[in-house]
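Peer 1: Pasting in a structure now, in structure tokens, and then I'll have a few things to ask.
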Amino acid sequence: MNSRILRLRGEREPGPFLDTLRDIVGPAHVLTDPATTRGYTTDWTGRWAGSAVAVVRPASTAEVSDVTAACFKALVPITAQGGNTGLVGGGIPESGSIVLSTRRLDRVEAVDPIGRTIAAGAGVTVAGADQAASVHGLRFGVDLASKTSATLGGIVATNAGGARMIRNGDTRSQLLGIEAVLADGFVLSRWTSLCKDNVGYDLPGLLTGSEGTLAVITRVLMKLSTPPADAHVFLAGVATIDAALRLYDRVVRSGLTVEAAELMTEDGIDLVCTHTGAKRPFDTHSPVLALFEVSAHRDTEAAVVEILSASEDLIDNAVMDPPPARRLWQLRESHTESIGRESSTPVVKLDVSIPLGSMTSFVRDLESSLAQHHPAVRAILFGHFVDGNIHVNLLDVAKDDVDSLTDGVFSLVADHEGSISAEHGIGRAKNSWVHLGRTPIDVHTMNRIKFALDPRRILNPGVLFPR
Ligand SMILES: Cc1cc2nc3c(=O)[nH]c(=O)nc-3n(C[C@H](O)[C@H](O)[C@H](O)COP(=O)(O)OP(=O)(O)OC[C@H]3O[C@@H](n4cnc5c(N)ncnc54)[C@H](O)[C@@H]3O)c2cc1C
């Protein structure tokens, strides 16, 4: 029961409020049965569990607007949610909120093959957008292992990075237009496919990465890219992260285009092979494994063989596959799931970025700090790495140690001049550490923007800004 509604509206039951929502979206789309709502109030990792007055599933922008206006009036908090694949607890409601699920906003409206754009509802999945693009020989530029569930609204709200960020940029750089419902129910639309358009503040850019705290995104207009004609994937075992970075440097200097670059460790590969039954990529063991997807104007295979032959000083062993190279990509994409199955406690997932020149020393300091202070905790590292991104996954962490361990890792990140959030956002998981990467005036400015757009603070309270 929603005590906040009872207090604020002086009513004995939230019933009249729920009736208002039922009138807007239809009774079948206001879910209150805990057995049904649990999938919306707990997260993928099992680390975050909340509760909601109801899960509301609007099917149009007009319905989102009416639901939001009703919540504004009744002072009921709203947590917008797409695929619920977020990893920082941002899509999990706090008690007394509604979950506003965007999954029914799932229409691909248009693909423009000449302008290379896609217009779609916020609830369309990344895989769905990619499928629609592929019909026209194009590709959606954001690629995540969670793509069959993660939505366009979710990737914009978190400014997701993903495997092809190095090639296409982050989600913000691929967003052209946006439609979003503001806290009071007004619909903001900035919708233009123009590449050049410098009129006023960059509102789509502002809403990107706002994690449901400034508006509910309902539709997006995004760029599409052209898939490379001749891409190849290779996996190289090397001794250190520095060696992997030197290999990357040689690949780029050779004239190959790097479509994706991923880092794994021997421990991570072992875990994936144990939990998925996948075969090891080769018999020899190397501490670090670097996966590259590369393309050239012609004969990529010959160019890859040439660069691998010229890099025997760096590489212990290597294997190459033509696309889609599922066997090699699955070794990387199965990490999150396999790590989740292996850990005896919910995995503490800390997605950070470090300047490239400091990555090796960061990992060394992290490993020695864990060995000294938390010997029972296992760390599995992986990530997109040539953009400085490392996903630090901590397994078997006792509940009482989560905050101190997180604090220790983030302090190390700050010491190495890195960022406490590379691509997953701040959510509820990191809101106490924002000061490590932002000055007091910067945080104050963000607070003022929040207040200007959400004066009643009904949009995702507790996310980004601590309570
Ligand atoms: C296996 C796996 C692999 C992943 N790989 C990557 C990766 O490579 N790169 C990466 O960046 N992330 C990755 N993620 C994290 C996650 O998939 C992304 O953060 C994704 O963008 C979340 O999309 P979603 O639709 O699931 O959003 P949700 O989890 O539903 O929500 C995430 C946040 O966005 C807000 N939000 C959602 N929809 C809207 C909307 N319409 N309007 C306003 N706010 C909204 C929510 O309130 C919440 O704060 C991965 C997750 C998993 C489980």
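Identifiers in the structure tokens: chain A, B, ... in order shown; residue index from 1 per chain; ligand index from 1 in order shown.
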Tell me, as an mmCIF file with N, CA, C and O atoms, in the first residue's frame, which residues lie within 9 Å of Thr41 in chain A, counting only C-alpha atoms; anything in the same chain fewer than 3 positions away does not count.
Peer 2:
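The result, stored in out_14.cif:
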```
data_model
loop_
_atom_site.group_PDB
_atom_site.id
_atom_site.type_symbol
_atom_site.label_atom_id
_atom_site.label_comp_id
_atom_site.auth_asym_id
_atom_site.auth_seq_id
_atom_site.Cartn_x
_atom_site.Cartn_y
_atom_site.Cartn_z
ATOM 1 N N THR A 37 4.322 -8.603 -10.642
ATOM 2 C CA THR A 37 5.150 -7.392 -10.657
ATOM 3 C C THR A 37 6.612 -7.672 -10.262
ATOM 4 O O THR A 37 7.476 -6.836 -10.508
ATOM 5 N N ARG A 38 6.846 -8.869 -9.676
ATOM 6 C CA ARG A 38 8.205 -9.142 -9.171
ATOM 7 C C ARG A 38 9.275 -8.961 -10.262
ATOM 8 O O ARG A 38 10.363 -8.451 -10.008
ATOM 9 N N TRP A 48 19.209 -5.830 -6.495
ATOM 10 C CA TRP A 48 18.253 -4.786 -6.176
ATOM 11 C C TRP A 48 16.843 -5.333 -6.169
ATOM 12 O O TRP A 48 16.408 -5.973 -7.119
ATOM 13 N N ALA A 49 16.119 -5.070 -5.074
ATOM 14 C CA ALA A 49 14.719 -5.485 -4.991
ATOM 15 C C ALA A 49 13.930 -4.324 -4.404
ATOM 16 O O ALA A 49 14.319 -3.763 -3.375
ATOM 17 N N GLY A 50 12.855 -3.928 -5.073
ATOM 18 C CA GLY A 50 12.022 -2.836 -4.571
ATOM 19 C C GLY A 50 10.582 -3.278 -4.494
ATOM 20 O O GLY A 50 10.290 -4.472 -4.540
ATOM 21 N N SER A 51 9.696 -2.311 -4.364
ATOM 22 C CA SER A 51 8.275 -2.649 -4.422
ATOM 23 C C SER A 51 7.552 -1.475 -5.066
ATOM 24 O O SER A 51 8.025 -0.337 -4.988
ATOM 25 N N ALA A 52 6.443 -1.773 -5.716
ATOM 26 C CA ALA A 52 5.728 -0.715 -6.433
ATOM 27 C C ALA A 52 4.245 -0.789 -6.115
ATOM 28 O O ALA A 52 3.707 -1.870 -5.874
ATOM 29 N N VAL A 55 2.535 -1.662 -11.521
ATOM 30 C CA VAL A 55 3.290 -1.547 -12.769
ATOM 31 C C VAL A 55 2.296 -1.106 -13.824
ATOM 32 O O VAL A 55 1.263 -1.766 -14.029
ATOM 33 N N GLY A 91 16.503 1.140 -12.562
ATOM 34 C CA GLY A 91 15.148 0.834 -13.028
ATOM 35 C C GLY A 91 14.287 0.172 -11.961
ATOM 36 O O GLY A 91 13.158 -0.246 -12.235
ATOM 37 N N ILE A 92 14.834 0.084 -10.746
ATOM 38 C CA ILE A 92 14.110 -0.582 -9.659
ATOM 39 C C ILE A 92 13.453 0.485 -8.772
ATOM 40 O O ILE A 92 14.140 1.382 -8.280
ATOM 41 N N PRO A 93 12.135 0.396 -8.564
ATOM 42 C CA PRO A 93 11.428 1.475 -7.865
ATOM 43 C C PRO A 93 11.678 1.446 -6.368
ATOM 44 O O PRO A 93 11.953 0.396 -5.788
ATOM 45 N N GLU A 94 11.556 2.643 -5.749
ATOM 46 C CA GLU A 94 11.516 2.637 -4.288
ATOM 47 C C GLU A 94 10.045 2.575 -3.867
ATOM 48 O O GLU A 94 9.145 2.908 -4.645
ATOM 49 N N VAL A 99 5.967 1.682 -11.342
ATOM 50 C CA VAL A 99 6.883 1.411 -12.452
ATOM 51 C C VAL A 99 6.123 1.748 -13.716
ATOM 52 O O VAL A 99 5.018 1.236 -13.935
#
```
Peer 1: Which residues are near ligand 1 in this structure, taking near to mean any atom at most 6 Å from a ligand atom and counting only C-alpha atoms and all ligand atoms? Format them as a count of residues only.
Peer 2: 37
Peer 1: Compile the contact shell of Gly26 in chain A as a list in words: residues with an atom at most 10 Å away, counting only C-alpha atoms, same-chain residues fewer than 4 positions apart removed.
Peer 2: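 So, after excluding close chain neighbours, the residues are Asp19, Thr20, Leu21, Arg22, Val30, Val56, Arg57, Pro58 and Ala59 of chain A.
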Peer 1: Since we have the selection now, will you write its residues out, keeping C-alpha atoms, as a PDB file, in the first residue's frame?
Peer 2:
```pdb
ATOM      1  CA  ASP A  19      -8.683   3.557 -10.883  1.00  0.00           C
ATOM      2  CA  THR A  20      -7.447   6.727 -12.582  1.00  0.00           C
ATOM      3  CA  LEU A  21      -4.523   4.759 -14.030  1.00  0.00           C
ATOM      4  CA  ARG A  22      -6.879   1.940 -15.114  1.00  0.00           C
ATOM      5  CA  VAL A  30      -2.178  -1.838 -14.293  1.00  0.00           C
ATOM      6  CA  VAL A  56       1.637   0.591 -15.437  1.00  0.00           C
ATOM      7  CA  ARG A  57       2.007  -0.313 -19.100  1.00  0.00           C
ATOM      8  CA  PRO A  58       0.933   2.541 -21.412  1.00  0.00           C
ATOM      9  CA  ALA A  59       0.746   1.915 -25.157  1.00  0.00           C
TER      10      ALA A  59
END
```
Peer 1: Please, what distance in Å, to one decimal, runs between CA of Ile118 in chain A and CA of Arg219 in chain A?
Peer 2: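 CA of Arg219 in chain A lies at a distance of 10.5 Å from CA of Ile118 in chain A.
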Peer 1: Let me make sure I understand: among A:Gly39, A:Gly115, A:Gly383, A:Pro455, which one has the smallest atom-to-atom distance to Arg164 in chain A if we use only C-alpha atoms?
Peer 2: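 Closest candidate: A:Gly383.
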Peer 1: Could you give me, as an MDAnalysis selection string, each residue of range 37-268 of chain A that DSSP assigns to helix (DSSP H, G or I) when run on this structure's backbone?
Peer 2: chainID A and resid 37:41 61:74 126:134 152:158 165:168 171:174 203:207 241:253 266:268
Peer 1: I'd like the interatomic distance between CA of Val352 in chain A and CA of Ser369 in chain A, to a tenth of an Å.
Peer 2: 16.7 Å
Peer 1: Pull the strand (DSSP E or B) assignments for range 109-343 of chain A out of DSSP run on the backbone, and list those residues as a ChimeraX atom specification.
Peer 2: /A:109-112,117-121,125,139-140,151,175-181,187-190,216-225,231-238,257-265,288-295,315-321
